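Have a look at upload-v4.cif; it's mmCIF, C-alpha atoms and all ligand atoms:
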```cif
data_my_file
loop_
_atom_site.group_PDB
_atom_site.id
_atom_site.type_symbol
_atom_site.label_atom_id
_atom_site.label_comp_id
_atom_site.auth_asym_id
_atom_site.auth_seq_id
_atom_site.Cartn_x
_atom_site.Cartn_y
_atom_site.Cartn_z
ATOM 1 C CA MET F 17 0.000 0.000 0.000
ATOM 2 C CA THR F 18 1.302 3.462 -0.846
ATOM 3 C CA LEU F 19 0.186 6.180 1.568
ATOM 4 C CA PRO F 20 -0.453 9.631 0.150
ATOM 5 C CA LEU F 21 2.298 12.175 0.753
ATOM 6 C CA PRO F 22 1.510 15.059 3.127
ATOM 7 C CA PRO F 23 -0.101 18.062 1.393
ATOM 8 C CA GLY F 24 2.504 20.125 -0.448
ATOM 9 C CA ALA F 25 5.117 17.371 -0.431
ATOM 10 C CA ARG F 26 6.476 16.506 -3.843
ATOM 11 C CA THR F 27 8.756 13.665 -4.887
ATOM 12 C CA PRO F 28 10.989 14.428 -7.853
ATOM 13 C CA ASP F 29 9.382 12.714 -10.833
ATOM 14 C CA ARG F 30 12.490 11.125 -12.199
ATOM 15 C CA ALA F 31 13.541 7.581 -12.924
ATOM 16 C CA VAL F 32 15.412 5.700 -10.210
ATOM 17 C CA TRP F 33 16.962 2.250 -10.440
ATOM 18 C CA ILE F 34 16.227 0.500 -7.160
ATOM 19 C CA ASN F 35 17.044 -3.093 -6.260
ATOM 20 C CA GLY F 36 16.987 -4.219 -9.855
ATOM 21 C CA GLN F 37 14.005 -2.224 -11.111
ATOM 22 C CA LEU F 38 13.570 1.059 -12.921
ATOM 23 C CA VAL F 39 10.746 3.039 -11.320
ATOM 24 C CA ARG F 40 9.666 6.674 -11.137
ATOM 25 C CA GLY F 41 9.115 9.215 -8.378
ATOM 26 C CA ASP F 42 6.881 7.910 -5.587
ATOM 27 C CA ASP F 43 7.470 4.303 -6.634
ATOM 28 C CA ALA F 44 11.147 4.542 -5.594
ATOM 29 C CA VAL F 45 10.707 3.274 -2.020
ATOM 30 C CA LEU F 46 13.057 1.815 0.582
ATOM 31 C CA SER F 47 11.856 -0.261 3.540
ATOM 32 C CA VAL F 48 11.836 1.524 6.907
ATOM 33 C CA PHE F 49 13.505 -1.654 8.236
ATOM 34 C CA ASP F 50 16.555 -1.098 6.033
ATOM 35 C CA ARG F 51 19.477 0.140 8.127
ATOM 36 C CA GLY F 52 20.180 2.652 5.371
ATOM 37 C CA ALA F 53 16.844 4.305 6.199
ATOM 38 C CA ARG F 54 17.039 3.860 10.004
ATOM 39 C CA ASP F 55 20.626 4.561 11.024
ATOM 40 C CA GLY F 56 22.494 6.275 8.206
ATOM 41 C CA GLY F 57 23.817 2.810 7.429
ATOM 42 C CA ALA F 58 24.676 3.285 3.789
ATOM 43 C CA ILE F 59 27.609 4.146 1.562
ATOM 44 C CA PHE F 60 27.429 5.971 -1.725
ATOM 45 C CA GLU F 61 29.390 7.173 -4.727
ATOM 46 C CA THR F 62 28.796 10.328 -6.736
ATOM 47 C CA ILE F 63 30.040 9.898 -10.282
ATOM 48 C CA ARG F 64 30.143 12.168 -13.363
ATOM 49 C CA VAL F 65 28.903 10.562 -16.561
ATOM 50 C CA TYR F 66 30.433 12.122 -19.668
ATOM 51 C CA ALA F 67 29.101 11.162 -23.133
ATOM 52 C CA GLY F 68 27.237 8.228 -21.606
ATOM 53 C CA ARG F 69 30.265 6.828 -19.741
ATOM 54 C CA PRO F 70 30.799 6.928 -15.981
ATOM 55 C CA PHE F 71 34.224 8.513 -15.429
ATOM 56 C CA ALA F 72 36.757 6.753 -13.167
ATOM 57 C CA TRP F 73 34.243 3.931 -12.707
ATOM 58 C CA GLU F 74 36.847 1.408 -11.489
ATOM 59 C CA ARG F 75 38.160 3.814 -8.839
ATOM 60 C CA HIS F 76 34.640 4.516 -7.577
ATOM 61 C CA MET F 77 33.777 0.809 -7.481
ATOM 62 C CA GLU F 78 37.020 0.011 -5.676
ATOM 63 C CA ARG F 79 36.211 2.569 -2.982
ATOM 64 C CA LEU F 80 32.605 1.309 -2.681
ATOM 65 C CA VAL F 81 33.515 -2.379 -2.493
ATOM 66 C CA LEU F 82 36.377 -1.745 -0.042
ATOM 67 C CA ALA F 83 34.129 0.391 2.165
ATOM 68 C CA ALA F 84 31.422 -2.291 2.134
ATOM 69 C CA ALA F 85 33.955 -4.923 3.181
ATOM 70 C CA GLU F 86 35.689 -2.793 5.835
ATOM 71 C CA LEU F 87 32.397 -1.639 7.367
ATOM 72 C CA GLY F 88 30.937 -5.162 7.444
ATOM 73 C CA PHE F 89 28.182 -4.568 4.882
ATOM 74 C CA PRO F 90 26.525 -7.458 3.078
ATOM 75 C CA VAL F 91 28.039 -7.987 -0.356
ATOM 76 C CA PRO F 92 26.845 -5.189 -2.684
ATOM 77 C CA PRO F 93 25.601 -5.915 -6.218
ATOM 78 C CA ALA F 94 28.452 -6.716 -8.606
ATOM 79 C CA PRO F 95 30.059 -3.652 -10.224
ATOM 80 C CA ALA F 96 29.134 -5.013 -13.680
ATOM 81 C CA ARG F 97 25.466 -5.162 -12.600
ATOM 82 C CA LEU F 98 25.646 -1.597 -11.275
ATOM 83 C CA ARG F 99 27.358 -0.443 -14.480
ATOM 84 C CA ASP F 100 24.496 -1.917 -16.555
ATOM 85 C CA ALA F 101 22.002 -0.247 -14.233
ATOM 86 C CA VAL F 102 23.666 3.161 -14.735
ATOM 87 C CA GLY F 103 23.390 2.590 -18.503
ATOM 88 C CA GLU F 104 19.688 1.647 -18.266
ATOM 89 C CA LEU F 105 18.958 4.690 -16.122
ATOM 90 C CA MET F 106 20.771 7.103 -18.440
ATOM 91 C CA VAL F 107 18.917 5.723 -21.481
ATOM 92 C CA SER F 108 15.547 5.879 -19.709
ATOM 93 C CA GLN F 109 16.175 9.551 -18.847
ATOM 94 C CA GLY F 110 17.506 10.369 -22.325
ATOM 95 C CA MET F 111 20.713 11.648 -20.717
ATOM 96 C CA THR F 112 24.327 11.400 -21.842
ATOM 97 C CA ASP F 113 25.907 13.760 -19.287
ATOM 98 C CA ALA F 114 24.843 13.547 -15.668
ATOM 99 C CA VAL F 115 25.760 13.318 -12.028
ATOM 100 C CA VAL F 116 24.942 9.807 -10.889
ATOM 101 C CA ARG F 117 24.572 8.875 -7.250
ATOM 102 C CA LEU F 118 24.789 5.209 -6.385
ATOM 103 C CA THR F 119 23.791 4.222 -2.836
ATOM 104 C CA VAL F 120 24.264 0.852 -1.145
ATOM 105 C CA THR F 121 22.643 0.234 2.252
ATOM 106 C CA ARG F 122 23.377 -2.273 5.035
ATOM 107 C CA GLY F 123 20.045 -3.885 4.262
ATOM 108 C CA ILE F 124 17.475 -5.300 6.662
ATOM 109 C CA ALA F 125 19.005 -6.870 9.767
ATOM 110 C CA GLY F 126 18.315 -10.495 10.619
ATOM 111 C CA GLY F 127 17.517 -11.892 7.180
ATOM 112 C CA ARG F 128 19.762 -14.713 5.979
ATOM 113 C CA PRO F 129 21.488 -13.985 3.761
ATOM 114 C CA THR F 130 21.263 -10.262 4.471
ATOM 115 C CA ARG F 131 21.046 -8.273 1.253
ATOM 116 C CA THR F 132 22.128 -4.713 0.695
ATOM 117 C CA GLY F 133 19.604 -2.278 -0.666
ATOM 118 C CA ALA F 134 20.881 -0.408 -3.720
ATOM 119 C CA TRP F 135 19.589 2.487 -5.729
ATOM 120 C CA ILE F 136 20.895 4.793 -8.439
ATOM 121 C CA GLU F 137 19.774 8.297 -9.409
ATOM 122 C CA ALA F 138 20.877 10.598 -12.227
ATOM 123 C CA GLU F 139 20.652 14.398 -12.164
ATOM 124 C CA SER F 140 21.597 17.080 -14.663
ATOM 125 C CA VAL F 141 25.130 18.399 -14.197
ATOM 126 C CA THR F 142 24.180 22.076 -14.342
ATOM 127 C CA SER F 143 21.914 21.785 -11.314
ATOM 128 C CA ARG F 144 24.882 20.513 -9.299
ATOM 129 C CA LEU F 145 27.667 22.925 -10.253
ATOM 130 C CA TRP F 146 28.830 25.486 -7.707
ATOM 131 C CA ALA F 147 28.678 29.142 -8.769
ATOM 132 C CA GLY F 148 32.486 29.429 -8.782
ATOM 133 C CA GLN F 149 32.834 26.408 -11.081
ATOM 134 C CA ARG F 150 31.674 28.339 -14.149
ATOM 135 C CA GLU F 151 34.633 30.734 -14.022
ATOM 136 C CA SER F 152 36.988 28.243 -12.340
ATOM 137 C CA ALA F 153 37.224 30.748 -9.484
ATOM 138 C CA ALA F 154 35.649 29.429 -6.306
ATOM 139 C CA SER F 155 35.055 31.208 -3.036
ATOM 140 C CA ALA F 156 35.569 29.459 0.298
ATOM 141 C CA ILE F 157 35.495 30.141 4.001
ATOM 142 C CA VAL F 158 37.298 28.418 6.833
ATOM 143 C CA SER F 159 34.781 26.994 9.279
ATOM 144 C CA PRO F 160 34.915 28.745 12.657
ATOM 145 C CA GLN F 161 33.960 25.437 14.312
ATOM 146 C CA PRO F 162 36.581 22.720 14.777
ATOM 147 C CA PHE F 163 35.637 19.507 12.985
ATOM 148 C CA GLU F 164 36.268 15.910 14.080
ATOM 149 C CA PRO F 165 35.506 13.481 11.255
ATOM 150 C CA GLY F 166 36.269 10.310 13.241
ATOM 151 C CA PHE F 167 37.182 7.119 11.410
ATOM 152 C CA LEU F 168 33.999 7.259 9.298
ATOM 153 C CA GLY F 169 35.456 10.331 7.588
ATOM 154 C CA ARG F 170 37.500 7.957 5.434
ATOM 155 C CA TYR F 171 34.316 6.509 3.978
ATOM 156 C CA LYS F 172 31.585 8.046 1.869
ATOM 157 C CA THR F 173 28.728 7.120 4.191
ATOM 158 C CA THR F 174 25.247 8.617 4.320
ATOM 159 C CA SER F 175 25.901 9.556 7.991
ATOM 160 C CA ARG F 176 26.653 13.039 6.690
ATOM 161 C CA LEU F 177 24.861 15.499 8.917
ATOM 162 C CA ALA F 178 28.105 17.022 10.273
ATOM 163 C CA TRP F 179 29.432 17.596 6.723
ATOM 164 C CA ASP F 180 26.071 18.860 5.459
ATOM 165 C CA LEU F 181 25.828 21.378 8.304
ATOM 166 C CA ALA F 182 29.357 22.563 7.510
ATOM 167 C CA ARG F 183 28.288 23.094 3.902
ATOM 168 C CA GLU F 184 25.314 25.110 5.134
ATOM 169 C CA GLN F 185 27.855 27.584 6.565
ATOM 170 C CA ALA F 186 29.123 28.161 3.012
ATOM 171 C CA ARG F 187 25.579 28.605 1.709
ATOM 172 C CA ALA F 188 24.781 31.058 4.508
ATOM 173 C CA ALA F 189 27.950 33.046 3.690
ATOM 174 C CA GLY F 190 27.119 33.015 -0.050
ATOM 175 C CA VAL F 191 30.306 31.138 -0.971
ATOM 176 C CA ASP F 192 31.001 27.795 -2.626
ATOM 177 C CA GLU F 193 32.691 25.723 0.050
ATOM 178 C CA THR F 194 33.608 25.495 3.745
ATOM 179 C CA LEU F 195 37.110 24.329 4.685
ATOM 180 C CA LEU F 196 37.327 22.211 7.818
ATOM 181 C CA LEU F 197 40.030 22.327 10.510
ATOM 182 C CA SER F 198 40.623 19.772 13.254
ATOM 183 C CA PRO F 199 40.461 20.883 16.920
ATOM 184 C CA THR F 200 44.275 21.215 16.832
ATOM 185 C CA GLY F 201 44.120 23.457 13.761
ATOM 186 C CA GLN F 202 45.074 20.920 11.095
ATOM 187 C CA LEU F 203 43.497 21.504 7.694
ATOM 188 C CA LEU F 204 41.295 18.517 6.770
ATOM 189 C CA GLU F 205 39.177 18.944 3.615
ATOM 190 C CA GLY F 206 36.202 20.836 2.288
ATOM 191 C CA ALA F 207 32.720 19.894 3.470
ATOM 192 C CA ALA F 208 32.242 18.188 0.081
ATOM 193 C CA SER F 209 35.708 18.273 -1.491
ATOM 194 C CA ASN F 210 39.407 17.630 -0.948
ATOM 195 C CA VAL F 211 41.621 20.665 -0.569
ATOM 196 C CA PHE F 212 45.077 21.321 -2.036
ATOM 197 C CA VAL F 213 47.497 24.110 -1.113
ATOM 198 C CA VAL F 214 50.201 25.281 -3.535
ATOM 199 C CA LYS F 215 53.384 26.877 -2.227
ATOM 200 C CA ALA F 216 56.539 27.582 -4.259
ATOM 201 C CA GLY F 217 55.397 25.232 -7.050
ATOM 202 C CA GLU F 218 54.669 22.317 -4.711
ATOM 203 C CA VAL F 219 51.169 20.842 -4.362
ATOM 204 C CA ARG F 220 50.203 19.615 -0.881
ATOM 205 C CA THR F 221 47.043 18.064 0.533
ATOM 206 C CA PRO F 222 46.145 16.735 4.002
ATOM 207 C CA PRO F 223 46.881 13.028 4.543
ATOM 208 C CA VAL F 224 44.104 10.421 4.608
ATOM 209 C CA SER F 225 45.420 9.450 8.061
ATOM 210 C CA LEU F 226 43.558 12.563 9.342
ATOM 211 C CA ASN F 227 40.321 10.753 8.409
ATOM 212 C CA VAL F 228 39.627 12.743 5.276
ATOM 213 C CA LEU F 229 37.903 11.100 2.318
ATOM 214 C CA PRO F 230 40.351 9.459 -0.108
ATOM 215 C CA GLY F 231 38.787 11.329 -3.020
ATOM 216 C CA VAL F 232 38.771 9.791 -6.475
ATOM 217 C CA THR F 233 39.587 13.184 -8.005
ATOM 218 C CA ARG F 234 42.337 13.705 -5.399
ATOM 219 C CA ALA F 235 43.977 10.461 -6.569
ATOM 220 C CA ILE F 236 43.669 11.505 -10.221
ATOM 221 C CA VAL F 237 45.247 14.879 -9.396
ATOM 222 C CA PHE F 238 48.212 13.070 -7.815
ATOM 223 C CA ALA F 239 48.550 10.993 -11.001
ATOM 224 C CA LEU F 240 48.369 14.136 -13.172
ATOM 225 C CA CYS F 241 51.001 15.879 -11.030
ATOM 226 C CA ALA F 242 53.310 12.871 -11.529
ATOM 227 C CA GLU F 243 52.732 12.999 -15.321
ATOM 228 C CA LEU F 244 53.344 16.742 -15.454
ATOM 229 C CA GLN F 245 56.328 16.506 -13.089
ATOM 230 C CA ILE F 246 54.705 18.816 -10.565
ATOM 231 C CA PRO F 247 55.909 17.968 -7.037
ATOM 232 C CA ALA F 248 52.942 16.801 -4.945
ATOM 233 C CA ARG F 249 52.661 15.176 -1.541
ATOM 234 C CA GLU F 250 50.479 14.676 1.504
ATOM 235 C CA ALA F 251 51.322 17.096 4.315
ATOM 236 C CA ILE F 252 49.979 18.344 7.623
ATOM 237 C CA LEU F 253 48.777 21.888 6.901
ATOM 238 C CA SER F 254 47.513 24.713 9.115
ATOM 239 C CA THR F 255 45.746 28.046 8.768
ATOM 240 C CA ASP F 256 49.216 29.605 8.388
ATOM 241 C CA ASP F 257 49.750 27.455 5.295
ATOM 242 C CA LEU F 258 46.410 28.652 3.949
ATOM 243 C CA ARG F 259 47.301 32.259 4.695
ATOM 244 C CA ASP F 260 50.728 31.931 2.994
ATOM 245 C CA ALA F 261 49.463 29.856 0.062
ATOM 246 C CA ASP F 262 50.240 30.884 -3.501
ATOM 247 C CA GLU F 263 47.130 28.975 -4.528
ATOM 248 C CA VAL F 264 44.400 26.778 -3.108
ATOM 249 C CA PHE F 265 42.241 24.431 -5.151
ATOM 250 C CA LEU F 266 39.444 21.961 -4.419
ATOM 251 C CA THR F 267 38.586 18.646 -6.031
ATOM 252 C CA ASN F 268 35.531 16.458 -6.235
ATOM 253 C CA SER F 269 33.935 14.260 -8.861
ATOM 254 C CA VAL F 270 31.280 16.821 -9.801
ATOM 255 C CA GLN F 271 33.221 20.103 -9.642
ATOM 256 C CA GLU F 272 36.412 18.475 -11.049
ATOM 257 C CA VAL F 273 39.470 20.644 -10.196
ATOM 258 C CA LEU F 274 38.322 23.992 -8.854
ATOM 259 C CA PRO F 275 40.815 26.810 -8.175
ATOM 260 C CA VAL F 276 39.882 29.037 -5.222
ATOM 261 C CA ALA F 277 39.922 32.775 -5.937
ATOM 262 C CA THR F 278 38.915 34.075 -2.506
ATOM 263 C CA LEU F 279 39.326 32.615 0.946
ATOM 264 C CA ASP F 280 37.480 34.256 3.825
ATOM 265 C CA ARG F 281 36.720 37.090 1.345
ATOM 266 C CA ARG F 282 40.437 37.783 0.726
ATOM 267 C CA PRO F 283 41.748 37.208 -2.808
ATOM 268 C CA LEU F 284 44.416 34.506 -3.126
ATOM 269 C CA PRO F 285 47.571 35.408 -5.093
ATOM 270 C CA GLY F 286 46.956 33.081 -8.065
ATOM 271 C CA ARG F 287 45.218 30.168 -9.770
ATOM 272 C CA ALA F 288 47.720 29.188 -12.491
ATOM 273 C CA LEU F 289 48.697 25.718 -11.268
ATOM 274 C CA GLY F 290 45.119 24.835 -10.387
ATOM 275 C CA LEU F 291 44.013 25.898 -13.886
ATOM 276 C CA CYS F 292 46.816 23.845 -15.420
ATOM 277 C CA LEU F 293 45.660 20.761 -13.479
ATOM 278 C CA LEU F 294 42.040 21.460 -14.469
ATOM 279 C CA GLU F 295 43.093 21.554 -18.118
ATOM 280 C CA ALA F 296 44.990 18.265 -17.732
ATOM 281 C CA PHE F 297 41.977 16.737 -15.948
ATOM 282 C CA ARG F 298 39.614 17.837 -18.746
ATOM 283 C CA ALA F 299 41.994 16.469 -21.383
ATOM 284 C CA ARG F 300 41.853 13.126 -19.580
ATOM 285 C CA VAL F 301 38.044 13.295 -19.492
ATOM 286 C CA ALA F 302 37.918 14.183 -23.213
ATOM 287 C CA SER F 303 40.105 11.273 -24.251
ATOM 288 C CA PHE F 304 38.013 8.970 -22.027
ATOM 289 C CA ALA F 305 34.709 10.267 -23.450
ATOM 290 C CA ASN F 306 35.951 9.941 -27.043
ATOM 291 C CA GLN F 307 37.119 6.335 -26.753
ATOM 292 C CA PRO F 308 35.517 4.165 -29.444
HETATM 293 C C1 LIG F 401 33.926 15.344 2.453
HETATM 294 C C2 LIG F 401 34.388 15.063 1.053
HETATM 295 N N1 LIG F 401 35.702 15.061 0.764
HETATM 296 C C3 LIG F 401 36.151 14.844 -0.487
HETATM 297 C C4 LIG F 401 35.276 14.616 -1.548
HETATM 298 C C5 LIG F 401 35.808 14.385 -2.943
HETATM 299 O O1 LIG F 401 35.686 13.045 -3.333
HETATM 300 P P1 LIG F 401 35.622 12.577 -4.852
HETATM 301 O O2 LIG F 401 36.803 13.203 -5.559
HETATM 302 O O3 LIG F 401 35.754 11.097 -4.773
HETATM 303 O O4 LIG F 401 34.329 13.019 -5.414
HETATM 304 C C6 LIG F 401 33.905 14.600 -1.296
HETATM 305 C C7 LIG F 401 32.951 14.343 -2.405
HETATM 306 O O5 LIG F 401 31.800 14.568 -2.336
HETATM 307 C C8 LIG F 401 33.451 14.819 0.033
HETATM 308 O O6 LIG F 401 32.126 14.818 0.319
#
```

Starting from the file, lay out its structure as structure tokens.
Ligand SMILES: Cc1ncc(COP(=O)(O)O)c(C=O)c1O
Amino acid sequence: MTLPLPPGARTPDRAVWINGQLVRGDDAVLSVFDRGARDGGAIFETIRVYAGRPFAWERHMERLVLAAAELGFPVPPAPARLRDAVGELMVSQGMTDAVVRLTVTRGIAGGRPTRTGAWIEAESVTSRLWAGQRESAASAIVSPQPFEPGFLGRYKTTSRLAWDLAREQARAAGVDETLLLSPTGQLLEGAASNVFVVKAGEVRTPPVSLNVLPGVTRAIVFALCAELQIPAREAILSTDDLRDADEVFLTNSVQEVLPVATLDRRPLPGRALGLCLLEAFRARVASFANQP
């Protein structure tokens, strides 16, 4: 039985692949007994699809499957099954470029074997881009509140309220992103991105050992730096490093590589290296999208 939604409530009328079926809007339902619905017990991946192909698919699947194993989830659907599902969803929506979110839950406790729940959604890219992405000149603030990710920070779980509230600070300040600092003043990441600091031609980013997300785009940026012979390493960074930075840039799968133009309303000295890495990233995307 489907109960009517409360007056005024509206479910987006788009196609969703859920547990093996393509459905629309209100028909995309998850059991209240699923731990993904009850306890934030789910992991997800957000993936850009370019010209009908999910970019860095293997890296995203590796992170998802590893997270499921390390967090004791039931076995998720096979990556090949999920890949087919992304294809079906894109075709049903008539989309070739999109932001796809793929969620895998811990399933309903007690059943044997316990199955994960899984669903996939696709949204238009433009609705997801930050204002600063259009000009490759983002604005960011440093959160005034210290942030403690805990070990779950290394995983892309749906237990995201702390990160979402940090992003609200950016929205309230009219900027693109909030940078997070640990209680001892170590730079961590953005509320929805990894952060890189450039000083004297060297690219540095906080280590994953601080419980930041091992971003897929972060890893690709490291690979691009190696190709372009740009020195890059993980490093403990502070607000002083941000203040003295020649450049700061952000990465995530949707915004790609995003140079920061202003930090706490003050202009940063430059964006050249960030723009160079963005260009290299887009060249990689273009050659991927144009593969026969
Ligand atoms: C907190 C956080 N850090 C980093 C990232 C970047 O990860 P990826 O490059 O895999 O999209 C994200 C992505 O949404 C994020 O939410």

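Here the question is which of F:Pro70, F:Pro160, F:Gly286, F:Pro230 gets nearest to ligand LIG 401 (chain F) using all atoms listed in the file, and that residue is F:Pro230.
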
Cut-off 9 Å, only C-alpha atoms and all ligand atoms, neighbours of ligand LIG 401 (chain F) as a PyMOL selection string: chain F and resi 61-63+75-76+79+169-172+176+179-180+204-211+228-236+266-272

Pick from F:Val39, F:Leu196, F:Leu168, F:Val158 nearest to Ala83 of chain F, counting all atoms listed in the file: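 Nearest to Ala83 of chain F: F:Leu168.
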
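In this comparison, which uses only C-alpha atoms, the residue of F:Pro95, F:Gly217, F:Gly133, F:Gly68 approaching Gly110 of chain F most closely is F:Gly68.
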
Within 12 Å of Ala134 of chain F using all atoms listed in the file, minus same-chain residues under 6 positions, as a PyMOL selection string: chain F and resi 32-38+44-47+50-53+57-61+80+90-95+97-98+101-102+117-124

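When atom CA of Phe71 of chain F is paired with atom CA of Ala305 of chain F, their separation reads 8.2 Å.
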
Atom CA of Trp135 of chain F to atom CA of Arg99 of chain F, distance in Å rounded to a single decimal: 12.1 Å

Atom CA of Arg69 of chain F to atom CA of Ser303 of chain F, distance in Å rounded to a single decimal: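 Here the two named atoms are 11.7 Å from each other.
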
Shell around Ser254 of chain F at 6 Å using all atoms listed in the file, local window under 5 positions removed, as a ChimeraX atom specification: /F:201-203

Please tell me which residues are no farther than 10 Å from (49.6, 23.2, -6.2) in the file, counting only C-alpha atoms, and write them as a tab-separated table (two decimals) with C-alpha atoms, keeping the file's coordinate frame.
```
chain	number	residue	atom	x	y	z
F	212	PHE	CA	45.08	21.32	-2.04
F	213	VAL	CA	47.50	24.11	-1.11
F	214	VAL	CA	50.20	25.28	-3.54
F	215	LYS	CA	53.38	26.88	-2.23
F	216	ALA	CA	56.54	27.58	-4.26
F	217	GLY	CA	55.40	25.23	-7.05
F	218	GLU	CA	54.67	22.32	-4.71
F	219	VAL	CA	51.17	20.84	-4.36
F	220	ARG	CA	50.20	19.61	-0.88
F	221	THR	CA	47.04	18.06	0.53
F	237	VAL	CA	45.25	14.88	-9.40
F	241	CYS	CA	51.00	15.88	-11.03
F	246	ILE	CA	54.70	18.82	-10.56
F	247	PRO	CA	55.91	17.97	-7.04
F	248	ALA	CA	52.94	16.80	-4.94
F	249	ARG	CA	52.66	15.18	-1.54
F	261	ALA	CA	49.46	29.86	0.06
F	262	ASP	CA	50.24	30.88	-3.50
F	263	GLU	CA	47.13	28.98	-4.53
F	264	VAL	CA	44.40	26.78	-3.11
F	265	PHE	CA	42.24	24.43	-5.15
F	275	PRO	CA	40.82	26.81	-8.18
F	287	ARG	CA	45.22	30.17	-9.77
F	288	ALA	CA	47.72	29.19	-12.49
F	289	LEU	CA	48.70	25.72	-11.27
F	290	GLY	CA	45.12	24.84	-10.39
F	291	LEU	CA	44.01	25.90	-13.89
F	292	CYS	CA	46.82	23.84	-15.42
F	293	LEU	CA	45.66	20.76	-13.48
```

From the block you just saw, export segment 44-56 of chain F: N, CA and C atoms, as a CSV table (one decimal), in the first residue's frame.
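Output saved as result-v5.csv:
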```
chain,number,residue,atom,x,y,z
F,44,ALA,N,9.8,4.9,-6.0
F,44,ALA,CA,11.1,4.5,-5.6
F,44,ALA,C,11.1,4.5,-4.1
F,45,VAL,N,10.9,3.4,-3.5
F,45,VAL,CA,10.7,3.3,-2.0
F,45,VAL,C,11.7,2.3,-1.4
F,46,LEU,N,12.1,2.6,-0.2
F,46,LEU,CA,13.1,1.8,0.6
F,46,LEU,C,12.3,1.4,1.9
F,47,SER,N,12.5,0.2,2.3
F,47,SER,CA,11.9,-0.3,3.5
F,47,SER,C,12.3,0.5,4.8
F,48,VAL,N,11.4,0.8,5.7
F,48,VAL,CA,11.8,1.5,6.9
F,48,VAL,C,12.7,0.6,7.8
F,49,PHE,N,12.7,-0.7,7.5
F,49,PHE,CA,13.5,-1.7,8.2
F,49,PHE,C,14.9,-1.7,7.7
F,50,ASP,N,15.2,-1.1,6.6
F,50,ASP,CA,16.6,-1.1,6.0
F,50,ASP,C,17.4,-0.2,6.9
F,51,ARG,N,18.6,-0.7,7.3
F,51,ARG,CA,19.5,0.1,8.1
F,51,ARG,C,20.0,1.4,7.4
F,52,GLY,N,19.9,1.4,6.1
F,52,GLY,CA,20.2,2.7,5.4
F,52,GLY,C,19.2,3.7,5.7
F,53,ALA,N,17.9,3.3,5.9
F,53,ALA,CA,16.8,4.3,6.2
F,53,ALA,C,16.8,4.6,7.7
F,54,ARG,N,17.2,3.7,8.5
F,54,ARG,CA,17.0,3.9,10.0
F,54,ARG,C,18.2,4.6,10.6
F,55,ASP,N,19.4,4.2,10.2
F,55,ASP,CA,20.6,4.6,11.0
F,55,ASP,C,21.7,5.2,10.2
F,56,GLY,N,21.4,5.7,9.0
F,56,GLY,CA,22.5,6.3,8.2
F,56,GLY,C,23.4,5.2,7.8
```
